[in-house]
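Trainee: Sharing target_7.cif below, mmCIF, C-alpha atoms:
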data_upload
loop_
_atom_site.label_atom_id
_atom_site.label_comp_id
_atom_site.auth_asym_id
_atom_site.auth_seq_id
_atom_site.Cartn_x
_atom_site.Cartn_y
_atom_site.Cartn_z
CA MET A 182 29.81 41.70 -47.46
CA SER A 183 31.95 38.91 -48.78
CA THR A 184 34.83 40.77 -50.35
CA LEU A 185 36.90 43.79 -49.43
CA ALA A 186 35.50 47.29 -49.14
CA HIS A 187 38.24 49.86 -48.60
CA ASP A 188 37.07 53.45 -48.11
CA ALA A 189 38.90 56.64 -47.34
CA LEU A 190 37.13 59.03 -45.00
CA ILE A 191 38.37 62.59 -45.27
CA TYR A 192 37.10 64.29 -42.14
CA GLU A 193 37.62 67.53 -40.28
CA GLY A 194 38.26 67.13 -36.57
CA GLU A 195 36.76 65.01 -33.85
CA ALA A 196 33.07 65.87 -34.28
CA SER A 197 33.26 65.03 -37.96
CA PHE A 198 35.08 61.77 -37.16
CA LEU A 199 32.28 60.75 -34.80
CA GLU A 200 29.53 61.80 -37.17
CA HIS A 201 30.85 59.31 -39.74
CA MET A 202 32.29 56.55 -37.61
CA LEU A 203 29.50 56.13 -35.06
CA PRO A 204 26.98 54.88 -37.66
CA PHE A 205 29.70 52.69 -39.17
CA VAL A 206 30.44 51.03 -35.82
CA HIS A 207 26.76 50.72 -34.85
CA GLY A 208 26.00 49.17 -38.25
CA GLY A 209 28.73 46.60 -37.73
CA LEU A 210 27.56 45.70 -34.24
CA GLU A 211 23.98 45.30 -35.46
CA ARG A 212 25.15 42.80 -38.05
CA ASP A 213 27.26 41.03 -35.42
CA ASP A 214 30.47 41.82 -37.32
CA ALA A 215 33.77 41.96 -35.48
CA VAL A 216 34.61 45.66 -35.10
CA LEU A 217 38.21 46.85 -34.78
CA ALA A 218 39.06 50.52 -34.26
CA VAL A 219 42.72 51.45 -34.73
CA THR A 220 43.07 55.17 -34.27
CA SER A 221 44.57 57.93 -32.14
CA PRO A 222 44.08 57.95 -28.35
CA GLY A 223 41.92 61.07 -28.80
CA ASN A 224 39.61 59.46 -31.34
CA ILE A 225 39.45 56.26 -29.27
CA ALA A 226 38.36 58.22 -26.20
CA ALA A 227 35.74 60.13 -28.19
CA LEU A 228 34.41 56.97 -29.80
CA ARG A 229 34.28 55.08 -26.49
CA SER A 230 32.41 57.85 -24.83
CA ALA A 231 29.92 58.21 -27.69
CA LEU A 232 29.31 54.47 -27.88
CA GLY A 233 28.55 54.15 -24.17
CA SER A 234 27.83 50.56 -23.22
CA ASP A 235 28.37 49.36 -26.81
CA ALA A 236 32.06 50.30 -26.52
CA GLY A 237 32.70 46.96 -24.83
CA GLN A 238 31.97 45.13 -28.09
CA VAL A 239 34.63 47.05 -30.04
CA ASP A 240 38.32 46.15 -30.22
CA PHE A 241 40.20 49.41 -29.68
CA ARG A 242 43.90 49.61 -30.57
CA ASP A 243 46.29 52.53 -30.30
CA SER A 244 47.48 53.45 -33.79
CA THR A 245 51.02 54.25 -32.61
CA GLU A 246 51.55 50.62 -31.66
CA TRP A 247 49.55 49.05 -34.50
CA TYR A 248 51.10 51.17 -37.26
CA ARG A 249 54.70 50.78 -36.12
CA SER A 250 55.66 50.00 -39.70
CA PRO A 251 53.81 49.09 -42.91
CA GLY A 252 54.97 45.49 -42.52
CA VAL A 253 53.79 45.25 -38.93
CA ALA A 254 50.40 46.80 -39.74
CA PHE A 255 49.91 44.55 -42.76
CA ASN A 256 50.60 41.49 -40.69
CA GLY A 257 48.36 42.74 -37.86
CA TYR A 258 45.37 43.02 -40.18
CA ALA A 259 46.11 39.70 -41.84
CA ALA A 260 46.20 37.99 -38.44
CA TYR A 261 43.03 39.76 -37.29
CA VAL A 262 41.03 38.84 -40.40
CA ASP A 263 42.40 35.32 -40.28
CA ALA A 264 41.43 34.81 -36.63
CA SER A 265 37.90 36.14 -37.01
CA ASP A 266 35.05 33.77 -37.78
CA ARG A 267 32.83 36.77 -38.66
CA PRO A 268 33.05 39.54 -41.22
CA VAL A 269 35.17 42.40 -39.88
CA ARG A 270 34.69 46.14 -39.84
CA VAL A 271 37.83 48.16 -39.37
CA ILE A 272 38.59 51.79 -38.66
CA GLY A 273 42.25 52.08 -39.67
CA GLU A 274 43.90 55.45 -39.13
CA PRO A 275 47.70 55.37 -39.52
CA VAL A 276 50.11 57.74 -37.85
CA TRP A 277 51.49 59.55 -40.88
CA PRO A 278 55.22 60.32 -40.71
CA THR A 279 56.46 63.84 -41.21
CA GLY A 280 59.68 64.86 -42.88
CA ALA A 281 60.74 61.78 -44.82
CA ALA A 282 59.08 61.69 -48.25
CA GLY A 283 60.15 58.08 -48.80
CA ALA A 284 58.37 57.03 -45.62
CA VAL A 285 55.10 58.73 -46.57
CA ARG A 286 55.21 57.07 -49.95
CA GLU A 287 55.79 53.65 -48.35
CA TRP A 288 52.66 54.08 -46.21
CA ALA A 289 50.67 55.05 -49.29
CA LYS A 290 51.96 51.99 -51.15
CA TYR A 291 50.92 49.89 -48.20
CA GLU A 292 47.39 51.36 -48.36
CA SER A 293 47.35 50.65 -52.08
CA VAL A 294 48.47 47.04 -51.82
CA LEU A 295 45.68 46.25 -49.33
CA ASN A 296 43.30 46.40 -52.30
CA VAL A 297 44.88 43.31 -53.83
CA ALA A 298 46.24 41.52 -50.77
CA PHE A 299 42.86 41.55 -49.02
CA ALA A 300 40.67 41.54 -52.14
CA ASP A 301 38.81 38.42 -51.04
CA ALA A 302 38.66 39.18 -47.32
CA PRO A 303 35.20 39.67 -45.78
CA ALA A 304 36.28 43.07 -44.49
CA TRP A 305 35.07 46.64 -44.65
CA ILE A 306 37.96 48.96 -43.89
CA VAL A 307 37.51 52.70 -43.49
CA CYS A 308 40.71 54.73 -43.33
CA PRO A 309 40.08 58.15 -41.79
CA TYR A 310 42.23 61.12 -42.85
CA ASP A 311 42.00 64.29 -40.79
CA ALA A 312 42.01 67.14 -43.30
CA THR A 313 42.60 69.68 -40.53
CA SER A 314 46.10 68.36 -39.86
CA LEU A 315 47.33 66.32 -42.85
CA PRO A 316 49.18 67.84 -45.82
CA HIS A 317 47.59 67.85 -49.28
CA GLU A 318 50.01 65.23 -50.53
CA ILE A 319 48.68 62.67 -48.04
CA LEU A 320 45.04 63.53 -48.81
CA ASP A 321 45.86 63.01 -52.49
CA HIS A 322 47.30 59.61 -51.64
CA ALA A 323 44.06 58.81 -49.78
CA ARG A 324 42.07 59.25 -52.98
CA HIS A 325 44.67 57.44 -55.10
CA THR A 326 44.72 54.35 -52.89
CA HIS A 327 41.06 53.92 -51.90
CA PRO A 328 38.53 52.91 -54.57
CA THR A 329 35.68 54.47 -52.61
CA LEU A 330 35.15 57.46 -50.34
CA HIS A 331 33.16 57.08 -47.15
CA ALA A 332 30.30 59.54 -46.94
CA LEU A 333 27.21 59.94 -44.82
CA GLY A 334 24.56 57.71 -46.29
CA GLY A 335 26.82 55.60 -48.45
CA ARG A 336 30.07 54.87 -50.21
CA VAL A 337 31.03 56.84 -53.27
CA ALA A 338 33.20 55.65 -56.12
CA HIS A 339 35.45 58.34 -57.55
CA ASP A 340 37.77 58.82 -60.50
CA GLU A 341 41.03 59.56 -58.70
CA TYR A 342 41.56 55.97 -57.63
CA MET A 343 44.62 54.28 -59.12
CA THR A 344 45.00 50.53 -59.34
CA PRO A 345 47.82 49.21 -57.14
CA ASP A 346 49.83 48.44 -60.29
CA ALA A 347 49.50 52.02 -61.47
CA PHE A 348 50.11 53.55 -58.05
CA TRP A 349 53.19 51.44 -57.33
CA ALA A 350 54.61 52.22 -60.78
CA GLY A 351 54.13 55.96 -60.30
CA GLY A 352 55.95 58.41 -58.13
CA VAL A 353 59.36 59.87 -58.63
CA ASP A 354 62.46 57.75 -58.37
CA ALA A 355 64.13 57.92 -55.02
CA PRO A 356 66.93 60.45 -55.03
CA VAL A 357 70.35 58.86 -55.06
CA ALA A 358 72.20 58.40 -51.81
CA PRO A 359 73.43 61.79 -50.57
CA ALA A 360 77.08 62.72 -50.95
CA ARG A 361 77.57 62.54 -47.19
CA ALA A 362 76.54 58.85 -47.17
CA ARG A 363 79.14 56.43 -45.90
CA SER A 364 80.03 53.77 -48.48
CA LEU A 365 80.84 50.26 -47.35
CA ALA A 366 82.20 47.48 -49.52
CA VAL A 367 80.00 44.42 -49.93
CA THR A 368 82.27 41.40 -50.08
CA PRO A 369 81.79 37.81 -48.95
CA ASP A 370 83.23 38.89 -45.60
CA LEU A 371 79.78 39.62 -44.23
CA ALA A 372 80.91 39.63 -40.61
CA ALA A 373 83.08 42.64 -41.42
CA LEU A 374 80.17 44.33 -43.16
CA ARG A 375 77.88 43.76 -40.16
CA ALA A 376 80.53 45.14 -37.82
CA ALA A 377 80.95 48.25 -39.99
CA VAL A 378 77.20 48.84 -40.17
CA ALA A 379 76.95 48.38 -36.40
CA VAL A 380 79.50 51.16 -35.89
CA GLU A 381 77.71 53.52 -38.29
CA ALA A 382 74.30 52.79 -36.75
CA HIS A 383 75.58 53.30 -33.25
CA GLU A 384 77.16 56.62 -34.17
CA ALA A 385 73.91 57.67 -35.84
CA GLY A 386 71.99 57.05 -32.62
CA VAL A 387 70.14 53.86 -33.50
CA PRO A 388 69.03 52.35 -30.17
CA ALA A 389 70.98 49.23 -29.21
CA GLU A 390 67.82 47.12 -29.13
CA ARG A 391 67.12 47.87 -32.81
CA LEU A 392 70.61 46.88 -33.91
CA PRO A 393 70.13 43.08 -34.18
CA ASP A 394 67.12 43.56 -36.47
CA LEU A 395 68.97 46.06 -38.64
CA LEU A 396 72.03 43.81 -38.95
CA PHE A 397 69.84 40.80 -39.78
CA ALA A 398 68.18 42.85 -42.53
CA VAL A 399 71.41 44.25 -43.99
CA HIS A 400 72.93 40.78 -43.94
CA GLU A 401 69.95 39.38 -45.89
CA LEU A 402 70.26 42.17 -48.46
CA ALA A 403 73.99 41.62 -48.83
CA ILE A 404 73.60 37.86 -49.28
CA ASN A 405 70.93 38.47 -51.87
CA ALA A 406 73.06 41.02 -53.73
CA LEU A 407 76.09 38.72 -53.72
CA THR A 408 73.99 35.81 -54.98
CA HIS A 409 71.74 37.52 -57.52
CA GLY A 410 73.15 41.01 -57.86
CA GLY A 411 75.07 40.53 -61.07
CA GLY A 412 78.42 41.68 -59.78
CA ALA A 413 79.26 44.79 -57.85
CA ALA A 414 77.14 45.57 -54.83
CA ARG A 415 77.44 48.78 -52.81
CA LEU A 416 76.12 49.60 -49.39
CA ALA A 417 75.57 53.21 -48.37
CA CYS A 418 74.45 54.43 -44.93
CA TRP A 419 73.30 57.87 -43.88
CA LEU A 420 71.04 59.81 -41.61
CA ASP A 421 67.75 61.08 -43.03
CA GLY A 422 65.95 63.09 -40.37
CA GLN A 423 64.83 60.64 -37.71
CA HIS A 424 65.84 57.61 -39.77
CA PHE A 425 69.10 55.75 -40.21
CA VAL A 426 69.08 54.52 -43.80
CA CYS A 427 71.00 51.63 -45.36
CA GLU A 428 70.83 51.30 -49.13
CA LEU A 429 72.05 48.21 -50.93
CA ALA A 430 72.57 48.83 -54.64
CA ASP A 431 73.45 46.18 -57.19
CA ASP A 432 73.35 45.61 -60.94
CA GLY A 433 70.81 42.80 -60.78
CA PRO A 434 67.42 42.78 -62.45
CA GLY A 435 65.54 43.26 -59.19
CA ILE A 436 62.87 41.33 -57.39
CA ASP A 437 60.48 39.14 -59.27
CA ASP A 438 57.42 40.03 -57.26
CA ARG A 439 54.93 42.75 -58.07
CA TYR A 440 54.42 43.73 -54.42
CA PRO A 441 57.56 42.49 -52.70
CA GLY A 442 57.07 41.49 -49.12
CA TYR A 443 53.28 41.87 -49.04
CA ARG A 444 52.29 38.25 -49.12
CA LEU A 445 52.30 36.01 -46.12
CA PRO A 446 54.91 33.29 -45.93
CA THR A 447 53.63 29.82 -45.32
CA PRO A 448 55.22 27.89 -42.45
CA SER A 449 56.70 25.30 -44.79
CA ASP A 450 58.54 28.02 -46.63
CA LEU A 451 61.43 29.43 -44.63
CA GLY A 452 63.31 30.73 -47.62
CA GLY A 453 62.21 33.14 -50.32
CA ARG A 454 60.49 35.54 -47.97
CA GLY A 455 63.36 37.88 -47.34
CA ILE A 456 61.56 41.12 -48.17
CA TRP A 457 58.53 40.14 -46.11
CA LEU A 458 60.82 39.63 -43.15
CA LEU A 459 62.61 42.91 -43.79
CA ARG A 460 59.28 44.73 -43.66
CA ARG A 461 58.77 43.44 -40.14
CA LEU A 462 62.30 43.98 -38.87
CA CYS A 463 62.79 47.49 -40.24
CA ASP A 464 60.52 50.53 -40.18
CA TYR A 465 60.53 51.00 -43.95
CA VAL A 466 61.68 49.05 -46.98
CA GLU A 467 61.89 50.95 -50.29
CA ILE A 468 62.69 49.13 -53.50
CA HIS A 469 63.65 50.76 -56.79
CA SER A 470 64.40 48.60 -59.80
CA GLY A 471 65.31 49.94 -63.18
CA ALA A 472 67.71 49.83 -66.06
CA ASP A 473 70.52 50.90 -63.74
CA GLY A 474 70.00 48.01 -61.35
CA THR A 475 68.20 47.58 -58.07
CA ARG A 476 68.32 49.65 -54.91
CA VAL A 477 66.77 48.51 -51.66
CA ARG A 478 66.63 50.95 -48.77
CA VAL A 479 65.82 50.00 -45.22
CA ARG A 480 65.16 52.56 -42.50
CA VAL A 481 65.12 52.31 -38.73
CA GLY A 482 64.21 55.10 -36.35
CA ARG A 483 66.86 56.79 -34.21
CA ALA A 484 66.70 57.15 -30.47
CA MET B 229 83.13 23.99 -32.29
CA ARG B 230 83.03 21.12 -29.78
CA ASP B 231 80.86 18.07 -29.92
CA ALA B 232 80.11 15.92 -26.89
CA ASP B 233 77.08 13.83 -25.96
CA GLY B 234 74.72 15.41 -28.46
CA ILE B 235 75.84 18.93 -27.52
CA LEU B 236 77.36 21.13 -30.20
CA GLU B 237 79.11 24.21 -28.89
CA VAL B 238 79.48 26.91 -31.49
CA ALA B 239 81.26 30.26 -31.35
CA GLY B 240 81.52 33.24 -33.69
CA TRP B 241 78.63 33.44 -36.12
CA VAL B 242 76.47 30.99 -38.03
CA ASP B 243 75.47 32.34 -41.43
CA ALA B 244 75.45 31.46 -45.10
CA THR B 245 79.23 31.76 -45.22
CA THR B 246 79.94 29.47 -42.26
CA VAL B 247 76.95 27.18 -41.87
CA GLY B 248 78.59 24.47 -43.95
CA VAL B 249 80.94 23.76 -41.06
CA LEU B 250 77.97 22.83 -38.91
CA VAL B 251 76.19 20.51 -41.34
CA GLU B 252 78.23 17.37 -40.80
CA PRO B 253 78.53 17.61 -36.98
CA LEU B 254 74.78 18.22 -36.77
CA ALA B 255 74.02 15.25 -39.02
CA CYS B 256 76.38 13.18 -36.89
CA ALA B 257 74.62 14.25 -33.69
CA ILE B 258 71.26 13.37 -35.23
CA ARG B 259 72.58 9.90 -36.09
CA GLY B 260 73.68 9.56 -32.46
CA GLY B 261 70.21 8.67 -31.24
CA ASP B 262 69.86 11.24 -28.42
CA ASP B 263 68.26 14.65 -28.19
CA VAL B 264 70.54 17.30 -29.68
CA THR B 265 71.54 20.66 -28.21
CA VAL B 266 73.25 23.44 -30.14
CA ASP B 267 74.87 25.84 -27.71
CA LEU B 268 74.78 29.28 -29.33
CA ARG B 269 75.65 31.30 -26.23
CA ASP B 270 78.96 32.41 -27.75
CA VAL B 271 77.41 33.12 -31.13
CA ALA B 272 76.89 36.78 -32.00
CA PHE B 273 74.83 36.30 -35.14
CA VAL B 274 72.70 33.69 -36.92
CA ASP B 275 71.01 34.25 -40.26
CA ILE B 276 68.07 32.69 -42.07
CA VAL B 277 70.21 29.98 -43.62
CA ALA B 278 71.27 28.81 -40.16
CA LEU B 279 67.70 28.94 -38.88
CA ARG B 280 66.56 26.88 -41.84
CA LEU B 281 69.18 24.24 -40.99
CA PHE B 282 67.98 24.13 -37.37
CA VAL B 283 64.30 23.85 -38.34
CA GLU B 284 65.07 20.99 -40.71
CA ALA B 285 67.12 19.24 -38.04
CA ALA B 286 64.27 19.67 -35.54
CA ARG B 287 61.80 18.17 -38.00
CA GLU B 288 64.05 15.19 -38.58
CA LEU B 289 64.55 14.67 -34.85
CA HIS B 290 60.84 15.10 -34.12
CA ALA B 291 59.97 12.41 -36.66
CA ASP B 292 62.11 10.15 -34.51
CA GLY B 293 60.54 11.31 -31.23
CA ARG B 294 63.54 13.48 -30.31
CA ARG B 295 64.22 17.19 -29.90
CA LEU B 296 66.63 19.93 -30.91
CA THR B 297 67.40 22.55 -28.27
CA LEU B 298 68.93 25.89 -29.28
CA LEU B 299 70.66 27.36 -26.27
CA GLY B 300 70.99 31.15 -26.17
CA ALA B 301 70.18 31.88 -29.80
CA PRO B 302 71.06 35.56 -30.42
CA ASP B 303 68.41 38.17 -31.11
CA PRO B 304 66.38 38.27 -33.40
CA ALA B 305 66.49 34.49 -34.01
CA SER B 306 63.53 33.57 -31.82
CA ARG B 307 61.38 36.45 -33.14
CA VAL B 308 62.22 35.61 -36.73
CA LEU B 309 61.23 31.99 -36.16
CA GLU B 310 57.98 33.20 -34.61
CA MET B 311 57.27 35.60 -37.50
CA LEU B 312 57.77 32.78 -39.96
CA GLY B 313 55.42 30.48 -38.07
CA PHE B 314 57.96 28.23 -36.40
CA ALA B 315 57.27 29.29 -32.81
CA ASP B 316 55.46 26.00 -32.27
CA GLN B 317 57.68 23.86 -34.45
CA GLU B 318 57.51 20.42 -32.88
CA GLY B 319 60.88 19.13 -31.83
CA LEU B 320 62.41 22.61 -31.59
CA ILE B 321 63.13 24.12 -28.17
CA LEU B 322 64.59 27.61 -27.71
CA GLN B 323 66.20 28.23 -24.35
#
Would you mind writing the file's structure down as structure tokens?

Mentor:
Amino acid sequence: MSTLAHDALIYEGEASFLEHMLPFVHGGLERDDAVLAVTSPGNIAALRSALGSDAGQVDFRDSTEWYRSPGVAFNGYAAYVDASDRPVRVIGEPVWPTGAAGAVREWAKYESVLNVAFADAPAWIVCPYDATSLPHEILDHARHTHPTLHALGGRVAHDEYMTPDAFWAGGVDAPVAPARARSLAVTPDLAALRAAVAVEAHEAGVPAERLPDLLFAVHELAINALTHGGGAARLACWLDGQHFVCELADDGPGIDDRYPGYRLPTPSDLGGRGIWLLRRLCDYVEIHSGADGTRVRVRVGRA
Amino acid sequence: MRDADGILEVAGWVDATTVGVLVEPLACAIRGGDDVTVDLRDVAFVDIVALRLFVEAARELHADGRRLTLLGAPDPASRVLEMLGFADQEGLILQ
């Protein structure tokens, strides 16, 4: 296989997972493909045990670590594909967040963008979705973001798939910042802004070790808004479940990139990759551009 | 900021709003002919603009067989450099 295959597997519990994924892994090993299995500890244990001595030829990774954020996962796959001199077969099962609708949508957009970002990669990726535990909304996303469904005996095209352009354009607009959000002025005194955000983040329970990354990200957003934002920029911070959210709003036209932050920077290019960096420093980056300006939200998890 | 024997000591923060202050002393240190050290141990924050300046300085020094050492660069400077592919930038030492 010389270009990307990206299947969703909608399965029901461990036995069903094995029934589908064992032949997939065996098939890859027979062809001497590199085989990477990123899934839950439970599924890893089941797969190891079922594979027996063949398990040693499979790269197993715990999904909690691999799928720390969409940006981290994206980069992990890019590095893996890049480093392999063979075609790769991947089982990629994210840890779906609960509670924050924006976070779920960001993971779905990440799944969607793989179809273009890895279009030419010699990779067959199967993303398993456990129908016994996932909500309907996420199973719908599975069909919207995967051009094919994985089934016993073959891959099946289906008519619910949406192109990344269509999927990214859809969805409801993010609700505006809640009334309880703390507003901070964005002025050229960025040191004051960082200090104010540090206080808010600390009070919200953001772990101290996450603070430098958050401040780096907010600083980048503020610089960008002051430079390109077309005037007034506003920063709002609030707690959203397990996330501390910072939203930078400005009157600018937005970001001139169809899938901001989902291309790899080249080493010669230290500038112009702000959003890509934000996706690695923060847990989630949500971007909404429209007639009323641009809003970029970054989220980091609380303690 | 103090400048002695190719060592620049900086305090406060180095970002887009302040980096201009560092440009001339850094250029001067590069002209000096020795390795250059920027002491960032009293710096609380550096941004991408500052990192870009340091990478460019390291490249220039490396072309001349010399090195730039960043002493105590605050988090996440070293990780950001690594993410952007500068972990192995020749002529750039992070201590």

Trainee: What does the structure give for the distance between atom CA of A:Glu341 and atom CA of A:Ala189, in Å to one decimal?

Mentor: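 Answer for the atom CA of A:Glu341 to atom CA of A:Ala189 separation: 11.9 Å.
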
Trainee: Could you check the closest approach to chain A for each of B:Gly313, B:Gly293, B:Gly300, B:Gly260 and tell me which residue wins, using only C-alpha atoms?

Mentor: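 Nearest to chain A: B:Gly313.
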
Trainee: Hey, which of A:Asp243, A:Asp438, A:Glu274, A:Asp263 ends up closest to A:Tyr192? Count all atoms listed in the file.

Mentor: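 Once distances to A:Tyr192 are computed over all atoms listed in the file, the minimum belongs to A:Glu274.
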
Trainee: Taking the file as I've supplied it (selection: the PyMOL selection byres ((chain A and resi 326) around 9)), which residues are included? Please answer as a ChimeraX atom specification.

Mentor: /A:187,189,289-296,321-325,327-328,341-345,348

Trainee: Might you spell out which residues the PyMOL selection byres ((chain B) within 12 of (chain A)) would select in the displayed file, as a PyMOL selection string?

Mentor: chain B and resi 240-246+272-284+287+302-317

Trainee: Could you give me, as a PyMOL selection string, the residues within 12 Å of B:Leu289, counting only C-alpha atoms and dropping anything in the same chain fewer than 6 positions from it?

Mentor: chain B and resi 254-255+257-265+282-283+295-297+317-321

Trainee: Could you check how far atom CA of A:Tyr261 sits from atom CA of A:Val466, in Å to one decimal?

Mentor: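 These atoms are spaced 23.0 Å apart.
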
Trainee: Apply the PyMOL selection byres ((chain A and resi 481) around 8) to the displayed file and report the matching residues as a list in words.

Mentor: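 This file gives the following for the PyMOL selection byres ((chain A and resi 481) around 8): Val387, Arg391, Leu395, His424, Phe425, Val426, Cys463, Asp464, Tyr465, Val479, Arg480, Gly482 and Arg483 of chain A.
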
Trainee: Just to confirm, what's the straight-line distance from atom CA of A:Glu428 to atom CA of A:Arg476 in Å (one decimal)?

Mentor: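 Computing the Euclidean distance for atom CA of A:Glu428 and atom CA of A:Arg476 yields 6.5 Å.
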
Trainee: Regenerate stretch 273-280 of chain B at the level of all heavy atoms and dump it as an mmCIF file, in the frame of the given file.

Mentor:
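Once everything was written out, this is rebuild_27.cif:
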data_model
loop_
_atom_site.group_PDB
_atom_site.id
_atom_site.type_symbol
_atom_site.label_atom_id
_atom_site.label_comp_id
_atom_site.auth_asym_id
_atom_site.auth_seq_id
_atom_site.Cartn_x
_atom_site.Cartn_y
_atom_site.Cartn_z
ATOM 1 N N PHE B 273 75.742 36.059 -34.031
ATOM 2 C CA PHE B 273 74.830 36.300 -35.140
ATOM 3 C C PHE B 273 74.433 34.978 -35.798
ATOM 4 O O PHE B 273 75.287 34.116 -36.032
ATOM 5 C CB PHE B 273 75.505 37.209 -36.189
ATOM 6 C CG PHE B 273 74.624 37.573 -37.350
ATOM 7 C CD1 PHE B 273 73.686 38.589 -37.231
ATOM 8 C CD2 PHE B 273 74.723 36.897 -38.555
ATOM 9 C CE1 PHE B 273 72.862 38.917 -38.298
ATOM 10 C CE2 PHE B 273 73.908 37.227 -39.629
ATOM 11 C CZ PHE B 273 72.972 38.236 -39.497
ATOM 12 N N VAL B 274 73.155 34.787 -36.055
ATOM 13 C CA VAL B 274 72.700 33.690 -36.920
ATOM 14 C C VAL B 274 71.815 34.302 -37.998
ATOM 15 O O VAL B 274 71.116 35.286 -37.751
ATOM 16 C CB VAL B 274 71.908 32.600 -36.162
ATOM 17 C CG1 VAL B 274 72.764 31.913 -35.121
ATOM 18 C CG2 VAL B 274 70.648 33.169 -35.539
ATOM 19 N N ASP B 275 71.863 33.726 -39.192
ATOM 20 C CA ASP B 275 71.010 34.250 -40.260
ATOM 21 C C ASP B 275 69.958 33.218 -40.645
ATOM 22 O O ASP B 275 69.820 32.166 -40.017
ATOM 23 C CB ASP B 275 71.849 34.729 -41.455
ATOM 24 C CG ASP B 275 72.387 33.572 -42.307
ATOM 25 O OD1 ASP B 275 72.236 32.393 -41.906
ATOM 26 O OD2 ASP B 275 72.974 33.862 -43.371
ATOM 27 N N ILE B 276 69.222 33.518 -41.690
ATOM 28 C CA ILE B 276 68.070 32.690 -42.070
ATOM 29 C C ILE B 276 68.524 31.307 -42.538
ATOM 30 O O ILE B 276 67.822 30.324 -42.351
ATOM 31 C CB ILE B 276 67.248 33.424 -43.156
ATOM 32 C CG1 ILE B 276 65.842 32.852 -43.246
ATOM 33 C CG2 ILE B 276 67.901 33.370 -44.502
ATOM 34 C CD1 ILE B 276 64.875 33.483 -42.327
ATOM 35 N N VAL B 277 69.699 31.266 -43.135
ATOM 36 C CA VAL B 277 70.210 29.980 -43.620
ATOM 37 C C VAL B 277 70.471 29.047 -42.429
ATOM 38 O O VAL B 277 70.143 27.853 -42.462
ATOM 39 C CB VAL B 277 71.500 30.189 -44.440
ATOM 40 C CG1 VAL B 277 72.089 28.861 -44.874
ATOM 41 C CG2 VAL B 277 71.209 31.060 -45.646
ATOM 42 N N ALA B 278 71.026 29.608 -41.361
ATOM 43 C CA ALA B 278 71.270 28.810 -40.160
ATOM 44 C C ALA B 278 69.950 28.368 -39.530
ATOM 45 O O ALA B 278 69.798 27.211 -39.128
ATOM 46 C CB ALA B 278 72.083 29.641 -39.158
ATOM 47 N N LEU B 279 68.988 29.293 -39.479
ATOM 48 C CA LEU B 279 67.700 28.940 -38.880
ATOM 49 C C LEU B 279 67.008 27.837 -39.676
ATOM 50 O O LEU B 279 66.383 26.944 -39.114
ATOM 51 C CB LEU B 279 66.799 30.186 -38.795
ATOM 52 C CG LEU B 279 67.301 31.283 -37.843
ATOM 53 C CD1 LEU B 279 66.365 32.485 -37.881
ATOM 54 C CD2 LEU B 279 67.425 30.759 -36.410
ATOM 55 N N ARG B 280 67.164 27.908 -40.988
ATOM 56 C CA ARG B 280 66.560 26.880 -41.840
ATOM 57 C C ARG B 280 67.172 25.505 -41.518
ATOM 58 O O ARG B 280 66.462 24.503 -41.413
ATOM 59 C CB ARG B 280 66.771 27.236 -43.309
ATOM 60 C CG ARG B 280 66.019 26.342 -44.274
ATOM 61 C CD ARG B 280 66.357 26.675 -45.718
ATOM 62 N NE ARG B 280 66.045 28.058 -46.049
ATOM 63 C CZ ARG B 280 66.795 28.842 -46.810
ATOM 64 N NH1 ARG B 280 67.923 28.392 -47.326
ATOM 65 N NH2 ARG B 280 66.431 30.074 -47.071
#
